[in-house]
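Chemist: Sharing my_file04.txt, compact mmCIF, C-alpha atoms:
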# COMPACT_ATOMS: atom_id res chain seq x y z
CA LYS A 1 31.32 -15.88 45.03
CA PRO A 2 28.47 -13.31 44.98
CA MET A 3 28.31 -11.12 41.87
CA ASN A 4 29.38 -7.53 42.34
CA PRO A 5 26.18 -5.37 42.59
CA ARG A 6 27.43 -3.00 39.92
CA ARG A 7 28.21 -5.87 37.55
CA TYR A 8 24.83 -7.42 38.36
CA ARG A 9 22.98 -4.21 37.44
CA LYS A 10 24.98 -3.95 34.22
CA THR A 11 24.11 -7.54 33.31
CA LEU A 12 20.42 -6.88 33.95
CA ALA A 13 20.57 -3.76 31.80
CA VAL A 14 22.16 -5.68 28.91
CA LEU A 15 19.53 -8.43 29.21
CA ALA A 16 16.74 -5.85 29.27
CA CYS A 17 18.13 -4.22 26.12
CA LEU A 18 18.35 -7.58 24.33
CA ILE A 19 14.79 -8.45 25.31
CA ALA A 20 13.57 -5.04 24.15
CA LEU A 21 15.37 -5.42 20.81
CA ALA A 22 13.92 -8.90 20.30
CA ALA A 23 10.42 -7.66 21.14
CA THR A 24 10.79 -4.70 18.77
CA TYR A 25 11.97 -6.96 15.95
CA TRP A 26 9.06 -9.36 16.52
CA LEU A 27 6.52 -6.54 16.64
CA MET A 28 7.96 -4.90 13.53
CA ASN A 29 7.58 -8.11 11.52
CA ALA A 30 4.52 -9.70 13.16
CA ARG A 31 2.10 -10.76 10.44
CA CYS A 32 -0.98 -11.09 12.62
CA PHE A 33 -0.50 -8.50 15.37
CA GLN A 34 -0.01 -4.79 15.81
CA LEU A 35 -0.24 -2.60 18.90
CA VAL A 36 -3.13 -0.36 17.83
CA GLY A 37 -5.77 -0.35 15.12
CA ASP A 38 -7.29 -3.14 13.06
CA LEU A 39 -5.13 -5.77 11.39
CA VAL A 40 -6.11 -8.87 9.43
CA CYS A 41 -3.86 -11.61 8.08
CA ARG A 42 -6.70 -13.91 6.94
CA GLY A 43 -10.48 -14.06 6.76
CA ASP A 44 -12.67 -15.93 9.21
CA GLY A 45 -12.77 -19.04 7.01
CA THR A 46 -16.55 -19.38 7.04
CA ARG A 47 -16.73 -19.34 3.23
CA PRO A 48 -14.64 -21.34 0.74
CA GLN A 49 -12.81 -18.25 -0.51
CA VAL A 50 -9.25 -16.93 -0.61
CA ALA A 51 -7.97 -13.48 -1.53
CA LEU A 52 -5.32 -13.04 -4.22
CA THR A 53 -3.29 -9.90 -3.49
CA PHE A 54 -0.73 -8.30 -5.79
CA ASP A 55 1.84 -5.89 -4.33
CA ASP A 56 3.64 -2.96 -6.01
CA ALA A 57 1.15 -2.12 -8.78
CA PRO A 58 0.93 -0.66 -11.33
CA LEU A 59 3.78 -1.10 -13.77
CA PRO A 60 3.28 -1.17 -17.55
CA GLN A 61 3.42 -4.43 -19.51
CA THR A 62 3.54 -6.70 -16.49
CA THR A 63 0.32 -5.29 -15.01
CA GLU A 64 -1.32 -5.78 -18.40
CA ALA A 65 -0.28 -9.43 -18.33
CA VAL A 66 -1.75 -9.96 -14.86
CA LEU A 67 -5.00 -8.23 -15.87
CA ALA A 68 -5.23 -10.47 -18.94
CA THR A 69 -4.83 -13.63 -16.83
CA LEU A 70 -7.44 -12.50 -14.32
CA ALA A 71 -9.86 -11.61 -17.11
CA GLU A 72 -9.35 -15.00 -18.76
CA LYS A 73 -9.99 -16.79 -15.46
CA ARG A 74 -12.82 -14.44 -14.45
CA VAL A 75 -11.15 -13.60 -11.16
CA ARG A 76 -11.07 -10.32 -9.26
CA GLY A 77 -7.98 -9.55 -7.18
CA THR A 78 -6.67 -6.86 -4.87
CA PHE A 79 -3.90 -4.62 -6.17
CA PHE A 80 -1.88 -3.02 -3.38
CA ALA A 81 -0.70 0.01 -5.30
CA ILE A 82 2.17 2.47 -4.87
CA GLY A 83 1.04 6.09 -5.09
CA ALA A 84 3.95 7.36 -7.20
CA GLN A 85 3.39 4.56 -9.72
CA MET A 86 -0.34 5.28 -9.90
CA ALA A 87 0.45 8.94 -10.56
CA ALA A 88 2.80 7.88 -13.39
CA GLN A 89 0.28 5.38 -14.83
CA PRO A 90 -3.17 6.93 -14.34
CA GLN A 91 -4.79 5.20 -17.32
CA LEU A 92 -3.49 1.80 -16.26
CA THR A 93 -4.69 2.44 -12.70
CA ARG A 94 -8.16 3.28 -13.98
CA ARG A 95 -8.11 0.08 -16.03
CA ILE A 96 -7.56 -1.96 -12.88
CA VAL A 97 -10.64 -0.40 -11.30
CA ALA A 98 -12.71 -0.62 -14.49
CA ALA A 99 -11.98 -4.37 -14.67
CA GLY A 100 -13.63 -4.80 -11.25
CA HIS A 101 -10.51 -5.24 -9.15
CA GLN A 102 -9.87 -3.72 -5.73
CA LEU A 103 -7.29 -0.96 -5.30
CA ALA A 104 -5.62 -0.73 -1.91
CA ASN A 105 -2.90 1.42 -0.39
CA HIS A 106 0.75 0.32 -0.39
CA SER A 107 2.21 3.78 0.40
CA TRP A 108 3.48 6.52 -1.94
CA SER A 109 7.16 5.59 -2.18
CA HIS A 110 7.41 2.07 -0.67
CA PRO A 111 9.58 2.99 2.36
CA ARG A 112 10.22 1.04 5.51
CA PHE A 113 7.99 2.80 8.05
CA LEU A 114 10.54 2.78 10.84
CA LEU A 115 11.62 5.95 12.66
CA LYS A 116 9.52 8.10 10.32
CA SER A 117 7.85 11.34 11.35
CA SER A 118 4.08 11.59 11.67
CA ALA A 119 4.04 14.12 8.81
CA PHE A 120 5.93 11.72 6.53
CA ILE A 121 3.60 8.84 7.40
CA ALA A 122 0.53 11.02 6.79
CA ARG A 123 1.76 12.03 3.32
CA GLU A 124 2.55 8.44 2.35
CA ILE A 125 -0.95 7.30 3.30
CA ASP A 126 -3.04 10.29 2.22
CA ASP A 127 -1.39 11.06 -1.12
CA THR A 128 -1.73 7.42 -2.15
CA GLU A 129 -5.34 7.28 -1.01
CA ALA A 130 -6.04 10.35 -3.15
CA GLN A 131 -4.69 8.52 -6.21
CA ILE A 132 -6.89 5.51 -5.44
CA ARG A 133 -10.00 7.71 -5.30
CA ALA A 134 -8.96 9.61 -8.43
CA ALA A 135 -8.83 6.29 -10.28
CA GLY A 136 -12.49 5.74 -9.46
CA TYR A 137 -12.26 3.21 -6.63
CA HIS A 138 -14.83 3.93 -3.91
CA GLY A 139 -14.56 0.91 -1.61
CA ARG A 140 -13.31 0.79 1.94
CA ALA A 141 -9.66 1.74 2.48
CA TYR A 142 -7.09 -0.95 3.27
CA PHE A 143 -3.32 -0.63 3.71
CA ARG A 144 -0.42 -3.05 3.42
CA PRO A 145 2.91 -1.93 4.89
CA PRO A 146 5.84 -2.20 2.48
CA TYR A 147 7.97 -5.22 3.45
CA GLY A 148 5.29 -5.93 6.09
CA LYS A 149 7.17 -3.66 8.53
CA LYS A 150 5.33 -1.61 11.15
CA LEU A 151 5.80 -0.45 14.72
CA LEU A 152 3.62 2.19 16.37
CA GLY A 153 3.64 5.34 14.21
CA LEU A 154 2.12 3.72 11.13
CA PRO A 155 -0.59 1.69 12.93
CA TRP A 156 -1.54 4.79 14.93
CA ALA A 157 -1.92 6.89 11.76
CA LEU A 158 -4.02 4.15 10.14
CA LYS A 159 -6.23 3.84 13.22
CA ARG A 160 -6.93 7.60 13.16
CA ARG A 161 -8.08 7.25 9.54
CA GLY A 162 -10.15 4.11 10.11
CA ILE A 163 -7.93 2.10 7.74
CA THR A 164 -7.35 -1.62 8.32
CA THR A 165 -3.88 -3.13 7.93
CA VAL A 166 -3.91 -6.17 5.63
CA MET A 167 -1.12 -8.71 5.95
CA TRP A 168 -1.19 -12.33 4.68
CA ASP A 169 -0.99 -15.93 5.81
CA VAL A 170 0.34 -17.47 2.56
CA ASP A 171 3.48 -16.00 0.98
CA ALA A 172 3.56 -17.47 -2.51
CA ASP A 173 6.96 -15.93 -3.22
CA ARG A 174 8.55 -18.30 -0.71
CA PHE A 175 8.14 -20.97 -3.38
CA ARG A 176 9.28 -18.92 -6.38
CA ALA A 177 12.78 -20.40 -6.63
CA GLN A 178 11.29 -23.85 -7.31
CA GLY A 179 9.67 -22.76 -10.57
CA ALA A 180 6.14 -21.84 -11.59
CA GLU A 181 4.51 -25.27 -11.30
CA ALA A 182 5.94 -25.94 -7.84
CA MET A 183 5.16 -22.39 -6.76
CA ALA A 184 1.53 -22.81 -7.75
CA ALA A 185 1.22 -26.30 -6.22
CA GLN A 186 2.75 -25.32 -2.88
CA THR A 187 0.71 -22.13 -2.65
CA VAL A 188 -2.47 -24.09 -3.28
CA ALA A 189 -1.47 -26.69 -0.67
CA ALA A 190 -0.81 -23.96 1.91
CA ALA A 191 -4.10 -22.15 1.32
CA ARG A 192 -7.24 -22.74 3.38
CA PRO A 193 -10.62 -21.02 3.55
CA GLY A 194 -10.01 -17.38 4.45
CA SER A 195 -6.38 -17.27 3.32
CA ILE A 196 -4.86 -14.03 2.04
CA ILE A 197 -2.22 -14.89 -0.56
CA LEU A 198 0.72 -12.55 -1.22
CA LEU A 199 2.20 -12.23 -4.72
CA HIS A 200 4.66 -9.83 -6.36
CA PRO A 201 4.01 -10.31 -10.10
CA PHE A 202 4.97 -6.93 -11.56
CA CYS A 203 8.77 -6.69 -11.81
CA ALA A 204 10.05 -7.56 -15.27
CA GLU A 205 12.31 -10.59 -14.83
CA GLU A 206 12.39 -11.91 -11.27
CA CYS A 207 8.58 -11.78 -11.02
CA ALA A 208 7.96 -13.69 -14.27
CA THR A 209 7.55 -16.89 -12.23
CA ASP A 210 4.64 -15.30 -10.33
CA ARG A 211 2.92 -14.41 -13.60
CA THR A 212 3.40 -17.90 -15.03
CA ALA A 213 2.23 -19.51 -11.80
CA LEU A 214 -0.88 -17.33 -11.44
CA PRO A 215 -3.24 -19.23 -13.82
CA LEU A 216 -2.03 -22.56 -12.43
CA MET A 217 -2.65 -21.26 -8.94
CA ILE A 218 -6.20 -20.16 -9.77
CA ASP A 219 -7.01 -23.54 -11.34
CA GLY A 220 -5.51 -25.38 -8.37
CA LEU A 221 -7.45 -23.32 -5.82
CA ARG A 222 -10.70 -23.94 -7.66
CA ALA A 223 -9.94 -27.64 -7.87
CA ARG A 224 -9.80 -27.59 -4.07
CA GLY A 225 -13.12 -25.74 -3.91
CA LEU A 226 -11.54 -22.38 -2.99
CA GLU A 227 -12.72 -19.40 -5.02
CA PRO A 228 -10.29 -16.48 -5.44
CA VAL A 229 -11.86 -13.12 -4.49
CA THR A 230 -10.80 -9.63 -3.43
CA VAL A 231 -9.89 -8.72 0.14
CA ALA A 232 -13.12 -6.69 0.34
CA GLU A 233 -15.17 -9.71 -0.73
CA LEU A 234 -13.31 -11.95 1.70
CA LEU A 235 -13.69 -9.65 4.71
CA GLU A 236 -16.89 -7.77 3.95
CA GLY A 237 -18.76 -10.08 1.60
CA THR A 238 -18.80 -7.26 -0.99
CA ARG A 239 -16.71 -6.10 -3.95
Starting from the coordinates I provided, produce the structure as structure tokens.
Modeler:
Amino acid sequence: KPMNPRRYRKTLAVLACLIALAATYWLMNARCFQLVGDLVCRGDGTRPQVALTFDDAPLPQTTEAVLATLAEKRVRGTFFAIGAQMAAQPQLTRRIVAAGHQLANHSWSHPRFLLKSSAFIAREIDDTEAQIRAAGYHGRAYFRPPYGKKLLGLPWALKRRGITTVMWDVDADRFRAQGAEAMAAQTVAAARPGSIILLHPFCAEECATDRTALPLMIDGLRARGLEPVTVAELLEGTR
């Protein structure tokens, strides 16, 4: 029996909505694609380097511990920093820069950038960038979306400012529940030349595994011939 034309059109409309929702969800969470502007989720792999990136800096005590580990291992990393936290911890933020690390933009208040106005997006980017420059960092601007979420408004604002979106291809926190040694081992096994490694080492308790795993991770990467560097070094060949 032929389908009623009205019912047929309704079915097509429902299917179209489901497809649109699925496409929106994929685009919002895509690690290596966005509609406009520049995005990277890994380097080109031509050099035996990986980038260690630390989200949600700076927080007292835990940031000090990460800085101490990096100093001991003679490694420079990229700190994706939250503007409000930099404003609350200006001396600690300057210490990150003074130690030779890269500061990059992780928004002012760590929101999900979905259904936000252009004015809100502009403030989140620009106010944080001002804190980065006030701390003494003069390198190229990079941005990582909180939770990795983006649609069109955020990428468009970044494109207008010439700022590259930085995602990742190795999420170390996926292995956190298995303990520090397993976390380090599995992160090292997943890495390859050009990898950008995501870590969240700054919260007090839950992130302690990241901090314990970090020196093991650095040793393991070097044992494989992969030198940890900043995102700027990985992508530009410079600090």
Chemist: Can you measure atom CA of Val229 of chain A to atom CA of Thr53 of chain A for me? One decimal in Å is fine.
Modeler: 9.2 Å
Chemist: Out of A:Leu235, A:Val75, A:Ala104, A:Leu92, which residue has the shortest atom-to-atom distance to Arg47 of chain A when counting only C-alpha atoms?
Modeler: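 Closest candidate: A:Leu235.
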Chemist: Which residue is closest to Gly45 of chain A? Choose from A:Cys207, A:Ala191, A:Leu151, A:Ala157 and count only C-alpha atoms.
Modeler: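 With only C-alpha atoms as the atom set, the closest residue is A:Ala191.
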Chemist: For a cut-off of 9 Å around (-7.6, -4.9, -3.3), file coordinates, pick out all residues using only C-alpha atoms and list them as a PyMOL selection string.
Modeler: chain A and resi 51-54+76-81+101-105+142+230-232
Chemist: When you count only C-alpha atoms, which of these residues is closest to Gln49 of chain A: A:Thr165, A:Gln85, A:Ser195, A:Ser109?
Modeler: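 Checking each candidate against Gln49 of chain A, we get A:Ser195 as the closest.
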Chemist: What does the distance between atom CA of Val50 of chain A and atom CA of Ala213 of chain A come to in Å, to one decimal place?
Modeler: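 Calculated distance between atom CA of Val50 of chain A and atom CA of Ala213 of chain A is 16.2 Å.
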